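Engineer: So here's work.txt, just compact mmCIF, C-alpha atoms:
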# COMPACT_ATOMS: atom_id res chain seq x y z
CA ARG D 1 132.38 68.79 -58.97
CA PRO D 2 134.63 70.56 -61.51
CA VAL D 3 136.91 68.22 -63.44
CA SER D 4 140.60 68.91 -62.91
CA SER D 5 142.79 69.70 -65.89
CA SER D 6 144.72 66.43 -65.42
CA ALA D 7 141.49 64.44 -65.63
CA ARG D 8 140.14 66.14 -68.71
CA PRO D 9 140.56 64.19 -71.96
CA SER D 10 143.34 65.59 -74.09
CA ALA D 11 142.92 66.62 -77.67
CA ALA D 12 145.12 63.70 -78.74
CA SER D 13 142.77 61.20 -77.03
CA ALA D 14 139.60 62.69 -78.46
CA PRO D 15 137.86 60.55 -81.05
CA GLY D 16 139.07 61.34 -84.54
CA ALA D 17 141.95 63.51 -83.35
CA SER D 18 145.33 63.03 -84.94
CA PRO D 19 148.01 61.68 -82.58
CA VAL D 20 150.46 64.15 -81.13
CA LYS D 21 154.10 63.25 -81.65
CA PRO D 22 156.14 62.98 -78.43
CA HIS D 23 158.52 65.78 -77.56
CA GLY D 24 161.80 65.41 -79.39
CA TYR D 25 160.37 63.13 -82.08
CA GLY D 26 161.43 65.43 -84.90
CA ALA D 27 165.02 65.60 -83.68
CA ARG D 28 165.24 61.82 -83.30
CA LEU D 29 163.72 61.25 -86.72
CA GLY D 30 166.17 63.75 -88.20
CA ARG D 31 169.13 61.93 -86.65
CA ARG D 32 167.77 58.63 -87.92
CA LEU D 33 167.38 59.85 -91.50
CA GLY D 34 170.72 61.66 -91.31
CA GLY D 35 172.38 58.39 -90.36
CA ALA D 36 170.74 56.66 -93.32
CA VAL D 37 172.06 59.36 -95.65
CA VAL D 38 175.57 58.95 -94.21
CA PHE D 39 175.48 55.16 -94.67
CA LEU D 40 174.19 55.61 -98.22
CA GLY D 41 176.89 58.14 -99.05
CA VAL D 42 179.70 55.99 -97.63
CA GLY D 43 178.36 52.96 -99.49
CA ILE D 44 178.31 54.86 -102.79
CA LEU D 45 181.83 56.17 -102.20
CA VAL D 46 183.24 52.74 -101.33
CA SER D 47 181.50 51.16 -104.32
CA TRP D 48 182.71 53.79 -106.78
CA TRP D 49 186.32 53.71 -105.54
CA THR D 50 186.72 49.93 -105.41
CA VAL D 51 184.81 49.12 -108.60
CA PHE D 52 185.57 51.94 -111.03
CA THR D 53 189.10 53.13 -110.14
CA PRO D 54 192.42 51.25 -110.61
CA GLY D 55 193.68 52.18 -107.15
CA GLY D 56 190.50 51.03 -105.45
CA GLN D 57 190.44 47.75 -107.35
CA ALA D 58 194.07 47.15 -106.43
CA VAL D 59 193.56 47.77 -102.71
CA ASP D 60 190.42 45.65 -102.68
CA SER D 61 192.23 42.80 -104.43
CA VAL D 62 195.32 42.83 -102.24
CA LEU D 63 193.19 42.84 -99.09
CA MET D 64 191.22 39.81 -100.27
CA ASP D 65 194.41 37.98 -101.25
CA ALA D 66 195.81 38.69 -97.79
CA VAL D 67 192.73 37.38 -96.00
CA THR D 68 192.57 34.19 -98.06
CA SER D 69 195.77 33.08 -96.33
CA TRP D 70 193.51 32.17 -93.38
CA SER D 71 191.51 29.63 -95.41
CA ARG D 72 192.75 26.62 -93.45
CA VAL D 73 191.91 28.26 -90.14
CA VAL D 74 188.25 28.93 -90.91
CA ALA D 75 187.63 25.81 -93.01
CA PRO D 76 185.88 23.90 -90.15
CA VAL D 77 183.17 26.57 -89.73
CA LYS D 78 182.88 27.90 -93.27
CA GLY D 79 180.27 25.43 -94.43
CA VAL D 80 178.15 25.81 -91.31
CA VAL D 81 178.01 29.60 -91.38
CA THR D 82 177.53 30.11 -95.10
CA GLY D 83 175.09 27.19 -95.33
CA LEU D 84 172.58 29.15 -93.27
CA VAL D 85 171.96 31.50 -96.19
CA SER D 86 169.16 30.11 -98.37
CA VAL D 87 165.58 30.83 -99.38
CA PRO D 88 164.16 28.41 -96.75
CA ALA D 89 166.26 30.19 -94.14
CA MET D 90 164.73 33.53 -95.15
CA VAL D 91 161.24 32.04 -94.78
CA VAL D 92 162.10 30.71 -91.32
CA VAL D 93 163.48 34.11 -90.30
CA ALA D 94 160.34 35.87 -91.52
CA VAL D 95 158.16 33.47 -89.51
CA VAL D 96 160.27 33.90 -86.36
CA VAL D 97 160.25 37.70 -86.69
CA ALA D 98 156.48 37.76 -87.21
CA ALA D 99 155.94 35.39 -84.26
CA VAL D 100 158.01 37.51 -81.89
CA ALA D 101 156.19 40.66 -82.96
CA ALA D 102 152.80 38.94 -82.59
CA LEU D 103 153.66 37.74 -79.09
CA ARG D 104 154.49 41.33 -78.20
CA ARG D 105 151.21 42.45 -79.81
CA ARG D 106 153.09 44.84 -82.07
CA VAL D 107 152.12 43.56 -85.48
CA THR D 108 153.49 46.60 -87.31
CA LEU D 109 156.96 45.69 -86.08
CA ALA D 110 156.74 42.46 -88.07
CA GLY D 111 156.12 44.42 -91.25
CA ARG D 112 159.01 46.78 -90.53
CA ALA D 113 161.44 43.97 -89.69
CA VAL D 114 160.47 41.81 -92.66
CA GLY D 115 160.70 44.95 -94.80
CA VAL D 116 164.33 45.39 -93.71
CA VAL D 117 165.18 41.80 -94.70
CA LEU D 118 163.37 41.90 -98.03
CA GLY D 119 164.40 45.44 -98.93
CA ALA D 120 168.07 44.91 -98.15
CA ASN D 121 168.31 41.58 -99.97
CA LEU D 122 166.39 42.78 -103.03
CA SER D 123 168.57 45.90 -103.17
CA THR D 124 171.70 43.77 -103.04
CA GLN D 125 170.56 41.52 -105.87
CA LEU D 126 169.55 44.54 -107.94
CA LEU D 127 172.94 46.19 -107.45
CA LYS D 128 174.77 42.97 -108.33
CA THR D 129 172.80 42.87 -111.58
CA VAL D 130 173.04 46.54 -112.52
CA LEU D 131 176.68 47.24 -111.62
CA GLU D 132 179.36 46.09 -114.03
CA ARG D 133 182.96 45.80 -112.88
CA PRO D 134 185.22 47.20 -115.63
CA ASP D 135 188.47 45.46 -116.52
CA LEU D 136 191.10 48.08 -115.67
CA GLY D 137 194.01 45.68 -115.98
CA VAL D 138 194.56 45.61 -112.22
CA THR D 139 192.91 42.37 -111.14
CA LEU D 140 191.47 39.27 -112.74
CA PRO D 141 188.55 40.19 -115.03
CA LEU D 142 185.86 38.73 -112.77
CA SER D 143 182.21 39.72 -112.82
CA ASN D 144 180.82 42.14 -110.27
CA SER D 145 180.21 40.65 -106.82
CA LEU D 146 179.23 43.82 -104.95
CA PRO D 147 177.41 43.74 -102.55
CA SER D 148 177.76 40.36 -100.82
CA GLY D 149 174.50 38.45 -100.69
CA HIS D 150 175.61 36.26 -97.77
CA THR D 151 176.58 39.27 -95.69
CA THR D 152 173.40 41.13 -96.60
CA PHE D 153 171.32 38.23 -95.36
CA ALA D 154 173.21 37.98 -92.07
CA ALA D 155 173.15 41.72 -91.40
CA SER D 156 169.49 42.17 -92.35
CA VAL D 157 168.42 39.30 -90.10
CA ALA D 158 170.44 40.76 -87.23
CA CYS D 159 168.79 44.17 -87.69
CA ALA D 160 165.32 42.61 -87.97
CA LEU D 161 165.73 40.67 -84.74
CA VAL D 162 166.89 43.78 -82.89
CA ILE D 163 163.81 45.65 -84.16
CA VAL D 164 161.29 43.07 -82.91
CA ALA D 165 163.12 42.04 -79.72
CA PRO D 166 161.66 43.24 -76.40
CA ALA D 167 163.76 45.67 -74.38
CA TRP D 168 165.33 43.01 -72.16
CA LEU D 169 166.42 40.94 -75.18
CA ARG D 170 167.52 43.76 -77.47
CA THR D 171 171.09 44.02 -76.19
CA PRO D 172 171.83 40.26 -76.42
CA ALA D 173 170.23 40.23 -79.90
CA ALA D 174 172.47 43.09 -81.00
CA TRP D 175 175.64 41.40 -79.72
CA MET D 176 174.74 38.04 -81.26
CA GLY D 177 173.90 39.74 -84.54
CA TRP D 178 177.22 41.59 -84.44
CA VAL D 179 179.20 38.39 -83.97
CA TRP D 180 177.26 36.39 -86.57
CA THR D 181 177.35 39.08 -89.25
CA SER D 182 181.05 39.76 -88.66
CA LEU D 183 181.84 36.06 -88.87
CA MET D 184 179.88 35.76 -92.11
CA GLY D 185 181.66 38.76 -93.63
CA VAL D 186 185.13 37.50 -92.75
CA ILE D 187 184.42 33.95 -93.93
CA VAL D 188 183.18 34.96 -97.40
CA MET D 189 186.39 36.98 -97.81
CA VAL D 190 188.61 34.14 -96.62
CA ALA D 191 186.83 31.78 -99.02
CA ALA D 192 187.60 34.27 -101.84
CA TRP D 193 183.89 34.57 -102.61
CA HIS D 194 183.84 38.31 -101.99
CA ARG D 195 186.14 41.28 -101.75
CA PRO D 196 186.17 43.49 -98.63
CA SER D 197 184.20 46.19 -100.46
CA ASP D 198 181.45 43.67 -101.21
CA VAL D 199 181.08 42.90 -97.52
CA LEU D 200 181.24 46.50 -96.29
CA THR D 201 178.75 47.70 -98.89
CA ALA D 202 176.33 44.93 -97.96
CA VAL D 203 176.41 45.96 -94.31
CA LEU D 204 175.83 49.61 -95.21
CA VAL D 205 172.86 48.69 -97.41
CA CYS D 206 171.29 46.93 -94.43
CA GLY D 207 172.05 49.92 -92.25
CA VAL D 208 170.15 52.23 -94.60
CA TRP D 209 167.06 50.02 -94.61
CA ALA D 210 167.14 49.50 -90.85
CA LEU D 211 167.44 53.22 -90.10
CA VAL D 212 164.58 54.05 -92.45
CA LEU D 213 162.16 51.35 -91.29
CA ALA D 214 162.91 50.91 -87.58
CA PRO D 215 160.39 52.79 -85.39
CA VAL D 216 161.51 55.95 -83.60
CA GLU D 217 160.78 55.26 -79.95
CA HIS D 218 160.55 57.98 -77.33
CA ARG D 219 161.11 55.76 -74.31
CA ALA D 220 164.34 55.75 -72.34
CA ARG D 221 166.97 53.79 -74.26
CA HIS D 222 167.52 50.29 -72.92
CA GLY D 223 171.06 48.98 -72.65
CA ALA D 224 172.70 52.36 -73.18
CA SER D 225 175.96 51.25 -71.52
CA ALA D 226 176.16 48.16 -73.72
CA GLN D 227 175.53 50.32 -76.77
CA ARG D 228 178.32 52.71 -75.82
CA LEU D 229 180.67 49.76 -75.30
CA MET D 230 179.80 48.33 -78.72
CA ALA D 231 180.21 51.75 -80.34
CA LEU D 232 183.62 52.23 -78.74
CA ALA D 233 184.80 48.75 -79.77
CA ALA D 234 183.49 49.25 -83.31
CA LEU D 235 185.17 52.61 -83.76
CA VAL D 236 188.47 51.23 -82.45
CA LEU D 237 188.25 48.34 -84.92
CA VAL D 238 187.52 50.71 -87.80
CA ALA D 239 190.48 52.89 -86.82
CA LEU D 240 192.80 49.88 -86.56
CA GLY D 241 191.59 48.56 -89.91
CA VAL D 242 192.15 51.87 -91.69
CA LEU D 243 195.54 52.33 -90.04
CA GLY D 244 196.62 48.81 -90.98
CA CYS D 245 195.56 49.36 -94.60
CA VAL D 246 197.49 52.61 -94.82
CA ILE D 247 200.66 51.11 -93.33
CA GLY D 248 200.36 48.00 -95.48
CA VAL D 249 200.03 49.78 -98.83
CA VAL D 250 201.89 53.06 -98.33
CA GLY D 251 204.82 53.42 -100.69
CA VAL D 252 203.72 50.42 -102.78
CA ASP D 253 202.54 50.75 -106.38
CA LEU D 254 199.77 48.15 -106.22
CA VAL D 255 198.71 48.94 -109.77
CA GLY D 256 202.28 48.39 -110.99
CA VAL D 257 202.67 45.01 -109.28
CA ALA D 258 199.37 43.77 -110.68
CA ASP D 259 201.11 42.07 -113.62
CA ALA D 260 202.92 39.69 -111.29
CA GLY D 261 199.79 39.25 -109.16
CA HIS D 262 198.98 40.60 -105.73
CA ALA D 263 199.18 37.16 -104.17
CA ALA D 264 202.72 36.75 -105.46
CA PHE D 265 203.57 40.21 -104.18
CA LEU D 266 202.27 39.38 -100.70
CA ALA D 267 204.24 36.12 -100.68
CA THR D 268 207.45 38.15 -100.85
CA SER D 269 206.40 40.23 -97.83
CA PRO D 270 204.86 38.04 -95.10
CA TRP D 271 204.56 40.86 -92.56
CA ARG D 272 202.55 42.89 -95.06
CA GLN D 273 200.28 39.95 -95.74
CA ARG D 274 199.58 39.42 -92.04
CA LEU D 275 199.02 43.13 -91.44
CA LEU D 276 196.58 43.56 -94.34
CA ALA D 277 194.69 40.41 -93.37
CA LEU D 278 194.25 41.73 -89.84
CA ALA D 279 193.24 45.14 -91.21
CA ALA D 280 190.50 43.64 -93.37
CA ALA D 281 189.38 41.45 -90.48
CA CYS D 282 189.10 44.55 -88.26
CA LEU D 283 187.20 46.64 -90.81
CA VAL D 284 184.34 44.15 -91.14
CA PRO D 285 183.33 43.85 -87.45
CA GLY D 286 184.03 47.54 -87.03
CA VAL D 287 181.51 48.60 -89.68
CA VAL D 288 179.04 45.93 -88.56
CA GLY D 289 179.26 47.25 -85.00
CA VAL D 290 178.65 50.82 -86.13
CA VAL D 291 175.54 49.78 -88.07
Would you put the structure from the file into structure tokens?

Structural biologist:
Amino acid sequence: RPVSSSARPSAASAPGASPVKPHGYGARLGRRLGGAVVFLGVGILVSWWTVFTPGGQAVDSVLMDAVTSWSRVVAPVKGVVTGLVSVPAMVVVAVVVAAVAALRRRVTLAGRAVGVVLGANLSTQLLKTVLERPDLGVTLPLSNSLPSGHTTFAASVACALVIVAPAWLRTPAAWMGWVWTSLMGVIVMVAAWHRPSDVLTAVLVCGVWALVLAPVEHRARHGASAQRLMALAALVLVALGVLGCVIGVVGVDLVGVADAGHAAFLATSPWRQRLLALAAACLVPGVVGVV
């Protein structure tokens, strides 16, 4: 009996034939790489402005000084959250990621996810070593701290777990990663370990690595409604953070008040201090949610 066309082996399934990419793969890959380029460009712009220009250094400094006013509030959880960042913790994460991928019989996912963690953290340490923060007479002459290593670790782990998670667990993994990374970013600012630019750049570095290494799947997206909700919340937070920064610094010569100190300047204007602290606290979860 003649074999129907649906029963005939396709060219893609023939031995030695190269696999055929699913329809729309090129467009999805283009969007993925385009997103990585956008994250990279924004990260470079933020780094250049806040490290190498007086105005950027001043805004970065006044935002950190405003957030440090919350130090007593976050003191009970600071040690717990930041204590999770260590070399043994990275080993444990790598083992967990590999185990999840092995249980799903998708070994290549383990390599991609571990690559995100290692690539992002190595990039952060390289940037911290290469970049030098010039003394422009605006802030204390401290060494470069961009990007934040603590935030890089948290964000890279969150991205890695989303990559290896099965469809039913991907949405909870994304939300838990969002909360944990945001909490880490805010705490290192409150503790005066890092400036806001350090935290935001770290998250963007992780976003670049995740977009480059995560597989491009052609299946129907799981948890699309949850993703839209997270995207909406993240964009609102970014908008509120930018608006708060603009209102808090407009009409103020932050470079001129640097001699007296930004902390002393904020002490004379409590409403400005509260507004800028909230603005910085909105920017971090907003950018984390976008990534």

Engineer: What are the centre and the three edge lengths of an axis-aligned box that wraps all atoms of range 55-66 of chain D in the file, given that 8 Å is added to every side, written as AutoDock Vina command-line options and rounded to one decimal in Å?

Structural biologist:
--center_x 193.1 --center_y 45.1 --center_z -102.6 --size_x 21.4 --size_y 30.2 --size_z 25.6

Engineer: Pick the closest to Leu254 in chain D from D:Thr129, D:Val242, D:Ser69, D:Gly137: which is it, counting all atoms listed in the file?

Structural biologist: D:Gly137

Engineer: Would you mind listing, for every residue of range 124-234 of chain D within 12 Å of range 272-283 of chain D, the two atoms forming the shortest contact and the distance between them in Å to one decimal, using all atoms listed in the file, sorted by chain and ascending residue number, as a tab-separated table?

Structural biologist:
residue	atom	partner	partner_atom	distance
D:Ser182	CA	D:Ala281	CA	8.7
D:Leu183	CA	D:Ala281	CA	9.4
D:Met184	CA	D:Ala281	CA	11.2
D:Gly185	CA	D:Ala281	CA	8.8
D:Val186	CA	D:Ala281	CA	6.2
D:Ile187	CA	D:Ala281	CA	9.6
D:Val188	CA	D:Ala281	CA	11.3
D:Met189	CA	D:Ala280	CA	9.0
D:Val190	CA	D:Ala277	CA	9.3
D:Arg195	CA	D:Ala280	CA	9.7
D:Pro196	CA	D:Ala280	CA	6.8
D:Ser197	CA	D:Ala280	CA	9.8
D:Asp198	CA	D:Ala280	CA	12.0
D:Val199	CA	D:Leu283	CA	9.8
D:Leu200	CA	D:Leu283	CA	8.1
D:Thr201	CA	D:Leu283	CA	11.7
D:Val203	CA	D:Leu283	CA	11.4
D:Ala233	CA	D:Cys282	CA	10.4
D:Ala234	CA	D:Leu283	CA	8.8

Engineer: Skipping near chain neighbours, those fewer than 4 positions away, what residues fall within 6 Å of Ala202 in chain D using all atoms listed in the file, listed as a list in words?

Structural biologist: Pro147, Ser148 and Thr152 of chain D

Engineer: Name the residues, using the chain letters and numbers of the file, that sit within 12 Å of (205.8, 50.5, -96.8) when counting only C-alpha atoms, and give them as a ChimeraX atom specification.

Structural biologist: /D:244-254,269,271-273,275-276

Engineer: Smallest atom-to-atom distance to Met64 in chain D: which of D:Ile44, D:Ala263, D:Val287, D:Cys159, using only C-alpha atoms?

Structural biologist: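 Ranked by minimum distance to Met64 in chain D, first place goes to D:Ala263.
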
Engineer: Could you pull the residues within 9 Å of range 23-34 of chain D, counting all atoms listed in the file, minus those fewer than 3 positions along the same chain, as a list in words?

Structural biologist: Val20, Val37, Val38, Phe39, Val208, Leu211, Val212, Val216, Glu217 and His218 of chain D

Engineer: Would you work out the distance separating CA of Ser123 in chain D from CA of Val59 in chain D, expressed in Å to one decimal?

Structural biologist: 25.1 Å

Engineer: Go through D:Gln227, D:Thr268, D:Ser71, D:Thr82 one by one, measure the shortest atom-to-atom distance of each to Thr151 in chain D using all atoms listed in the file, and give the residue with the smallest value.

Structural biologist: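 Using all atoms listed in the file, Thr151 in chain D sits closest to D:Thr82.
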
Engineer: Take CA of Gly289 in chain D and CA of Ser156 in chain D and report the distance between them in Å, one decimal.

Structural biologist: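 About the pair CA of Gly289 in chain D and CA of Ser156 in chain D: they are 13.2 Å apart.
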
Engineer: Go ahead and compute the interatomic distance for CA of Ser47 in chain D and CA of Thr139 in chain D, in Å to one decimal.

Structural biologist: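 For CA of Ser47 in chain D relative to CA of Thr139 in chain D, the distance reads 15.9 Å.
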